[in-house]
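Peer 1: Before anything else, here's the structure in question.
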Amino acid sequence: MPLYYQDYKVHRDEIHAKLVQIMKERLLVHLRALPQIAENWNKTEDTDPQPSQFARALTKEVGVLQRVLSRTLLEEDVIEIFRQVTEIFHSQLTEAFSKLDLNTPQAKKRLFRDIQHILACIHALPALKLSGESIPKPGKLDDFLAQRFQSEAGQ
């Protein structure tokens with residue numbers, strides 16, 4: 001393999017790792033605020049049918065990154081980056097959501113709506129095309145949703 005190709009591959013992999021790291025850091029910024037947000041879910045009567053600002057802001061950032069990368073990188077590079085981002089999101093979100101202390105039905109409904117919204121975003125990412133799958137495999141967050149909200153998830 002020529003040296004210039006090897007250098008290109010190393011540089012490309014470093015850029016991909018940095019993009020994944022940026023998304024992980026953005027997720028962690030959002031997750032730091034989650035316990036306080038969830039506390040408010042327990043306190044207030046929730047009649048808003050929309051996902052919370054937490055879920056909307058997080059998915060908006062993912063969408064922006066997807067649009068930018070889709071215009072500038074090769075499709076297989078975008079798929080590989082979002083495969084890693086998807087794995088991180090499933091793991092980190094499941095861990096954070098499982099630690100929440102939700103005492104009220106409206107807080108649990110809010111979490112259910114947020115998870116559905118985030119999963120819709122994750123499932124729409126181009127992380128599966130590389131393996132030829134068209135239906136997303138359930139990840140940790142899908143499993144968490146099914147286990148925690150069995151009755152609602154079936155509706």
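Every chain in the structure tokens has a letter given in the order shown (A, B, ...), and although residue numbers restart at 1 in each chain, ligands are simply numbered from 1 in the order shown.
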Excluding Phe144 in chain A and its own-chain neighbours fewer than 2 positions away, which residues fall within 10 Å of it when counting only C-alpha atoms? Please give them as a PyMOL selection string.

Peer 2: chain A and resi 90+93-95+97-98+115+138-142+146-150

Peer 1: Taking only chain A into account, list the residues labelled alpha helix (DSSP H) by DSSP (computed from the backbone), as number ranges by chain.

Peer 2: A: 3-43, 53-72, 75-98, 105-124, 140-148, 150-153

Peer 1: Range 8-23 of chain A: which residues within 9 Å, counting only C-alpha atoms, same-chain residues fewer than 2 positions away excluded, as a ChimeraX atom specification?

Peer 2: /A:3-6,25-28,61-62,65,77-78,80-82,84-85,88

Peer 1: Quick one: of A:Pro126, A:Pro2, A:Pro35, A:Pro49, who's nearest to Asp101 in chain A, counting only C-alpha atoms?

Peer 2: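 Nearest candidate to Asp101 in chain A out of A:Pro126, A:Pro2, A:Pro35, A:Pro49: A:Pro35.
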
Peer 1: Any idea what's packed within 9 Å of His30 in chain A, counting only C-alpha atoms, ignoring anything in its chain fewer than 6 positions away? Could you give it as a list in words?

Peer 2: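 What passes the distance filter is Phe54, Ala55, Ala57 and Leu58 of chain A.
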
Peer 1: Let's have the selection written as a PDB file, in the first residue's frame, with N, CA, C and O atoms.

Peer 2:
```
ATOM      1  N   PHE A  54     -35.314  18.981  25.707  1.00  0.00           N
ATOM      2  CA  PHE A  54     -34.130  18.113  25.772  1.00  0.00           C
ATOM      3  C   PHE A  54     -34.057  17.220  24.534  1.00  0.00           C
ATOM      4  O   PHE A  54     -33.038  17.183  23.838  1.00  0.00           O
ATOM      5  N   ALA A  55     -35.132  16.514  24.246  1.00  0.00           N
ATOM      6  CA  ALA A  55     -35.147  15.574  23.114  1.00  0.00           C
ATOM      7  C   ALA A  55     -35.074  16.310  21.783  1.00  0.00           C
ATOM      8  O   ALA A  55     -34.365  15.879  20.865  1.00  0.00           O
ATOM      9  N   ALA A  57     -33.755  19.315  21.132  1.00  0.00           N
ATOM     10  CA  ALA A  57     -32.433  19.919  20.930  1.00  0.00           C
ATOM     11  C   ALA A  57     -31.397  18.851  20.554  1.00  0.00           C
ATOM     12  O   ALA A  57     -30.570  19.063  19.662  1.00  0.00           O
ATOM     13  N   LEU A  58     -31.459  17.718  21.222  1.00  0.00           N
ATOM     14  CA  LEU A  58     -30.519  16.633  20.944  1.00  0.00           C
ATOM     15  C   LEU A  58     -30.684  16.114  19.518  1.00  0.00           C
ATOM     16  O   LEU A  58     -29.703  15.982  18.777  1.00  0.00           O
TER      17      LEU A  58
END
```

Peer 1: Work out how far apart CA of Met1 in chain A and CA of Glu75 in chain A are and give it in Å to one decimal.

Peer 2: 23.1 Å

Peer 1: From the set A:Ser70, A:Thr59, A:Ser91, A:Thr104, which residue has the shortest atom-to-atom contact distance to His123 in chain A, counting only C-alpha atoms?

Peer 2: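 Under the stated criterion, the closest residue is A:Thr59.
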